[in-house]
Amino acid sequence: MKLGLHISSFTWPEGAPRLGAVLGEVAAAADEAGFERISVMDHLWQIGVIGPPEQEMLEAYTALGFLAAHTRRAKLLTLVTGVVYREPGLLAKAVTTLDVLSGGRAMLGIGAAWNEEEALGLGLPFPPTAERFERLEEALQICRRMFDGDETAHEGRHYRLGRLLNSPPPVSRRVPILIGGGGEKKTLLFVAKYADACNLFGGPDVQHKLDVLQRHCAAVGRDYAEIEKTVLYNFDLGEKGERVGEIIDDLRRLAGLGFTVAHGSLRNAWDVDQYEIFKNELIPAAEAL
């Protein structure tokens with residue numbers, strides 16, 4: 001199993017004046033420790049489960065470009081981009097740029113968006129749920145074609161693009177697309193049809209979600225085994241690393257369900273000393289599962 005670090009908070013002890021420097025230290029430490037991927041949220045305000053909206057939040061693709069310059073190995077992505085925040089042609093171009101500048105380490109993480117308060121506050125589009133999912137499916141089609149070099153015009157219900165030119169092309173042979181969420185009727189169907197990876201919450205119904213995905217794969221003729229299964233996992237090492245054993249046991253359980261990546265936030269991510277525990281204990285143990 002591989003581990004991913006999700007940087008979901010930028011409210012750190014030294015405050016905004018040192019935010020860039022600390023973020024660079026975090027990224028370098030996580031990369032050196034062996035995290036397989038690093039992500040940020042595609043939000044412009046902090047989300048309620050973490051803190052009030054006034055807390056510090058960085059724009060995602062600017063932040064990922066910064067992370068690319070402070071890492072050498074880790075893949076880079078949003079977890080996940082709200083489809084209505086960017087036109088799909090621009091989104092594909094941003095991810096391609098990240099891929100080129102990082103030497104082939106970009107992934108596209110995408111979903112249907114949910115934060116209406118944030119969108120309305122900053123004047124971003126936020127159509128009804130059904131339309132957001134229609135736009136998500138079109139965006140998936142457009143981004144894949146642009147990543148793969150298909151310049152044919154797109155004439156869809158919501159998007160019309162005259163030429164899908166994307167130069168320079170990605171460095172990656174195939175830019176991976178990860179769809180976040182566990183909606184059974186649309187989200188997991190889109191995973192089966194378009195995605196290289198899913199990202200699910202690790203709750204009590206997670207086996208059911210995997211079963212639903214497997215049924216969608218069978219219905220559309222997709223090999224279920226070729227989809228990377230990733231799960232959200234919040235890392236809390238304890239005050240002195242005393243929870244490492246519990247985390248390894250939990251990762252073993254998730255690996256038994258078929259997950260190959262555990263990806264999530266780390267309490268006090270700014271404290272770079274704890275990345276030594278990942279390097280010396282957690283990541284080697286996860287790789288052995």
# chains A, B, ... in the order shown; residues from 1 in each chain; ligands from 1
>>> select_by_dssp(residues="stretch 116-274 of chain A", states="helix (DSSP H, G or I)", output="ChimeraX atom specification")
/A:116-121,129-148,187-194,206-220,224-226,244-256,272-274
>>> residues_around(residues="stretch 26-33 of chain A", least_positions_apart="6", cutoff="6 Å", atoms="only C-alpha atoms", output="PyMOL selection string")
chain A and resi 70-71+74+279
>>> closest_atom_pairs(of="stretch 175-240 of chain A", to="stretch 101-115 of chain A", cutoff="6 Å", atoms="only C-alpha atoms", output="JSON lines")
{"residue": "A:Val175", "atom": "CA", "partner": "A:Met107", "partner_atom": "CA", "distance": 5.8}
{"residue": "A:Pro176", "atom": "CA", "partner": "A:Met107", "partner_atom": "CA", "distance": 5.1}
{"residue": "A:Ile177", "atom": "CA", "partner": "A:Leu108", "partner_atom": "CA", "distance": 4.8}
{"residue": "A:Leu178", "atom": "CA", "partner": "A:Gly109", "partner_atom": "CA", "distance": 4.6}
{"residue": "A:Ile179", "atom": "CA", "partner": "A:Ile110", "partner_atom": "CA", "distance": 5.1}
{"residue": "A:Gly180", "atom": "CA", "partner": "A:Gly111", "partner_atom": "CA", "distance": 5.5}
>>> closest_atom_pairs(of="stretch 35-125 of chain A", to="stretch 147-168 of chain A", cutoff="10 Å", atoms="only C-alpha atoms", output="tab-separated table")
residue	atom	partner	partner_atom	distance
A:Glu87	CA	A:Tyr159	CA	8.3
A:Pro88	CA	A:Tyr159	CA	8.3
A:Gly89	CA	A:Leu164	CA	7.4
A:Leu90	CA	A:Asn166	CA	9.9
A:Ala92	CA	A:Phe147	CA	7.1
A:Lys93	CA	A:Asn166	CA	6.6
A:Val95	CA	A:Phe147	CA	9.0
A:Thr96	CA	A:Phe147	CA	7.2
A:Thr97	CA	A:Pro168	CA	8.0
A:Val100	CA	A:Pro168	CA	7.8
>>> atom_distance(atom1="atom CA of A:Lys186", atom2="atom CA of A:Ile47")
23.8 Å
>>> closest_residue(among="A:Val212, A:Val272, A:Gly34, A:Ala94", to="A:Thr62", atoms="only C-alpha atoms")
A:Ala94
>>> closest_atom_pairs(of="stretch 114-178 of chain A", to="stretch 190-195 of chain A", cutoff="12 Å", atoms="only C-alpha atoms", output="CSV")
residue,atom,partner,partner_atom,distance
A:Phe133,CA,A:Phe190,CA,9.5
A:Glu134,CA,A:Phe190,CA,10.6
A:Arg135,CA,A:Phe190,CA,11.8
A:Leu136,CA,A:Phe190,CA,8.8
A:Glu137,CA,A:Phe190,CA,7.0
A:Glu138,CA,A:Tyr194,CA,10.5
A:Ala139,CA,A:Tyr194,CA,10.5
A:Leu140,CA,A:Tyr194,CA,6.8
A:Gln141,CA,A:Tyr194,CA,7.6
A:Ile142,CA,A:Tyr194,CA,10.8
A:Cys143,CA,A:Tyr194,CA,10.3
A:Arg144,CA,A:Tyr194,CA,8.2
A:Arg145,CA,A:Tyr194,CA,11.0
A:Arg174,CA,A:Ala195,CA,11.5
A:Val175,CA,A:Ala195,CA,10.4
A:Pro176,CA,A:Ala195,CA,7.5
A:Ile177,CA,A:Ala195,CA,5.2
A:Leu178,CA,A:Ala195,CA,5.7
>>> closest_residue(among="A:Ile248, A:Ile283, A:Ile227, A:Leu3", to="A:Ser265", atoms="only C-alpha atoms")
A:Leu3
>>> select_by_dssp(residues="stretch 139-221 of chain A", states="strand (DSSP E)", output="count of residues only")
13
>>> closest_residue(among="A:Thr187, A:Gln46, A:Gln207, A:Asn234", to="A:Leu5", atoms="only C-alpha atoms")
A:Asn234
>>> closest_residue(among="A:Tyr85, A:Phe66, A:Phe259, A:Phe35", to="A:Asn280", atoms="only C-alpha atoms")
A:Phe35
>>> closest_residue(among="A:Glu25, A:Leu124, A:Val231, A:Arg18", to="A:Tyr275", atoms="only C-alpha atoms")
A:Glu25
>>> atom_distance(atom1="atom CA of A:Ser172", atom2="atom CA of A:Ala68")
14.8 Å
>>> atom_distance(atom1="atom CA of A:Gly238", atom2="atom CA of A:Gly256")
24.5 Å
>>> closest_residue(among="A:Gly258, A:Gly121, A:Pro128, A:Gly82", to="A:His43", atoms="only C-alpha atoms")
A:Gly82
>>> decode(residues="stretch 83-97 of chain A", atoms="all heavy atoms", output="mmCIF file, in the first residue's frame")
data_model
loop_
_atom_site.group_PDB
_atom_site.id
_atom_site.type_symbol
_atom_site.label_atom_id
_atom_site.label_comp_id
_atom_site.auth_asym_id
_atom_site.auth_seq_id
_atom_site.Cartn_x
_atom_site.Cartn_y
_atom_site.Cartn_z
ATOM 1 N N VAL A 83 -15.753 20.861 -10.425
ATOM 2 C CA VAL A 83 -15.786 20.975 -11.879
ATOM 3 C C VAL A 83 -16.281 22.331 -12.360
ATOM 4 O O VAL A 83 -15.846 22.826 -13.402
ATOM 5 C CB VAL A 83 -16.632 19.839 -12.499
ATOM 6 C CG1 VAL A 83 -18.114 19.973 -12.132
ATOM 7 C CG2 VAL A 83 -16.463 19.803 -14.009
ATOM 8 N N VAL A 84 -17.170 22.976 -11.615
ATOM 9 C CA VAL A 84 -17.746 24.237 -12.097
ATOM 10 C C VAL A 84 -16.859 25.446 -11.821
ATOM 11 O O VAL A 84 -17.171 26.562 -12.257
ATOM 12 C CB VAL A 84 -19.150 24.465 -11.489
ATOM 13 C CG1 VAL A 84 -20.126 23.426 -12.009
ATOM 14 C CG2 VAL A 84 -19.103 24.442 -9.967
ATOM 15 N N TYR A 85 -15.742 25.263 -11.117
ATOM 16 C CA TYR A 85 -14.874 26.394 -10.801
ATOM 17 C C TYR A 85 -13.989 26.809 -11.966
ATOM 18 O O TYR A 85 -13.457 27.927 -11.987
ATOM 19 C CB TYR A 85 -13.998 26.062 -9.591
ATOM 20 C CG TYR A 85 -14.713 26.096 -8.262
ATOM 21 C CD1 TYR A 85 -16.089 26.293 -8.191
ATOM 22 C CD2 TYR A 85 -14.013 25.941 -7.079
ATOM 23 C CE1 TYR A 85 -16.733 26.326 -6.973
ATOM 24 C CE2 TYR A 85 -14.650 25.975 -5.852
ATOM 25 C CZ TYR A 85 -16.012 26.163 -5.803
ATOM 26 O OH TYR A 85 -16.648 26.191 -4.592
ATOM 27 N N ARG A 86 -13.772 25.892 -12.924
ATOM 28 C CA ARG A 86 -12.896 26.192 -14.061
ATOM 29 C C ARG A 86 -13.480 25.588 -15.322
ATOM 30 O O ARG A 86 -13.966 24.461 -15.306
ATOM 31 C CB ARG A 86 -11.489 25.633 -13.836
ATOM 32 C CG ARG A 86 -10.747 26.275 -12.685
ATOM 33 C CD ARG A 86 -9.482 25.492 -12.360
ATOM 34 N NE ARG A 86 -8.828 26.059 -11.178
ATOM 35 C CZ ARG A 86 -9.195 25.770 -9.933
ATOM 36 N NH1 ARG A 86 -10.192 24.921 -9.716
ATOM 37 N NH2 ARG A 86 -8.556 26.321 -8.907
ATOM 38 N N GLU A 87 -13.400 26.305 -16.427
ATOM 39 C CA GLU A 87 -13.785 25.722 -17.698
ATOM 40 C C GLU A 87 -12.864 24.536 -18.002
ATOM 41 O O GLU A 87 -11.660 24.592 -17.711
ATOM 42 C CB GLU A 87 -13.673 26.757 -18.807
ATOM 43 C CG GLU A 87 -14.671 27.893 -18.677
ATOM 44 C CD GLU A 87 -16.100 27.416 -18.883
ATOM 45 O OE1 GLU A 87 -16.436 26.945 -19.980
ATOM 46 O OE2 GLU A 87 -16.888 27.520 -17.919
ATOM 47 N N PRO A 88 -13.383 23.456 -18.542
ATOM 48 C CA PRO A 88 -12.567 22.235 -18.686
ATOM 49 C C PRO A 88 -11.346 22.397 -19.559
ATOM 50 O O PRO A 88 -10.315 21.753 -19.310
ATOM 51 C CB PRO A 88 -13.552 21.210 -19.272
ATOM 52 C CG PRO A 88 -14.717 22.001 -19.768
ATOM 53 C CD PRO A 88 -14.783 23.225 -18.938
ATOM 54 N N GLY A 89 -11.410 23.242 -20.594
ATOM 55 C CA GLY A 89 -10.215 23.464 -21.401
ATOM 56 C C GLY A 89 -9.096 24.092 -20.594
ATOM 57 O O GLY A 89 -7.922 23.696 -20.706
ATOM 58 N N LEU A 90 -9.441 25.069 -19.763
ATOM 59 C CA LEU A 90 -8.458 25.710 -18.895
ATOM 60 C C LEU A 90 -7.953 24.743 -17.836
ATOM 61 O O LEU A 90 -6.758 24.711 -17.509
ATOM 62 C CB LEU A 90 -9.068 26.949 -18.239
ATOM 63 C CG LEU A 90 -8.174 27.712 -17.266
ATOM 64 C CD1 LEU A 90 -6.922 28.224 -17.973
ATOM 65 C CD2 LEU A 90 -8.935 28.858 -16.622
ATOM 66 N N LEU A 91 -8.846 23.930 -17.293
ATOM 67 C CA LEU A 91 -8.449 22.942 -16.291
ATOM 68 C C LEU A 91 -7.445 21.952 -16.869
ATOM 69 O O LEU A 91 -6.410 21.658 -16.244
ATOM 70 C CB LEU A 91 -9.686 22.209 -15.769
ATOM 71 C CG LEU A 91 -9.425 21.057 -14.804
ATOM 72 C CD1 LEU A 91 -8.720 21.543 -13.545
ATOM 73 C CD2 LEU A 91 -10.746 20.361 -14.443
ATOM 74 N N ALA A 92 -7.744 21.409 -18.046
ATOM 75 C CA ALA A 92 -6.822 20.468 -18.676
ATOM 76 C C ALA A 92 -5.472 21.117 -18.931
ATOM 77 O O ALA A 92 -4.412 20.487 -18.772
ATOM 78 C CB ALA A 92 -7.414 19.932 -19.977
ATOM 79 N N LYS A 93 -5.477 22.381 -19.324
ATOM 80 C CA LYS A 93 -4.228 23.105 -19.570
ATOM 81 C C LYS A 93 -3.447 23.278 -18.271
ATOM 82 O O LYS A 93 -2.207 23.128 -18.257
ATOM 83 C CB LYS A 93 -4.543 24.466 -20.191
ATOM 84 C CG LYS A 93 -3.312 25.261 -20.611
ATOM 85 C CD LYS A 93 -2.577 24.591 -21.759
ATOM 86 C CE LYS A 93 -1.404 25.432 -22.226
ATOM 87 N NZ LYS A 93 -0.673 24.789 -23.344
ATOM 88 N N ALA A 94 -4.129 23.597 -17.168
ATOM 89 C CA ALA A 94 -3.456 23.774 -15.881
ATOM 90 C C ALA A 94 -2.803 22.472 -15.423
ATOM 91 O O ALA A 94 -1.652 22.467 -14.956
ATOM 92 C CB ALA A 94 -4.450 24.272 -14.835
ATOM 93 N N VAL A 95 -3.516 21.369 -15.539
ATOM 94 C CA VAL A 95 -2.976 20.081 -15.109
ATOM 95 C C VAL A 95 -1.829 19.659 -16.020
ATOM 96 O O VAL A 95 -0.812 19.116 -15.560
ATOM 97 C CB VAL A 95 -4.086 19.016 -15.073
ATOM 98 C CG1 VAL A 95 -3.514 17.640 -14.761
ATOM 99 C CG2 VAL A 95 -5.143 19.386 -14.040
ATOM 100 N N THR A 96 -1.968 19.916 -17.316
ATOM 101 C CA THR A 96 -0.882 19.607 -18.248
ATOM 102 C C THR A 96 0.357 20.425 -17.922
ATOM 103 O O THR A 96 1.492 19.909 -17.932
ATOM 104 C CB THR A 96 -1.327 19.872 -19.694
ATOM 105 O OG1 THR A 96 -2.438 19.027 -20.006
ATOM 106 C CG2 THR A 96 -0.201 19.593 -20.670
ATOM 107 N N THR A 97 0.182 21.703 -17.628
ATOM 108 C CA THR A 97 1.310 22.550 -17.248
ATOM 109 C C THR A 97 2.007 21.995 -16.010
ATOM 110 O O THR A 97 3.247 21.920 -15.953
ATOM 111 C CB THR A 97 0.837 23.991 -16.995
ATOM 112 O OG1 THR A 97 0.266 24.511 -18.189
ATOM 113 C CG2 THR A 97 1.985 24.881 -16.547
#
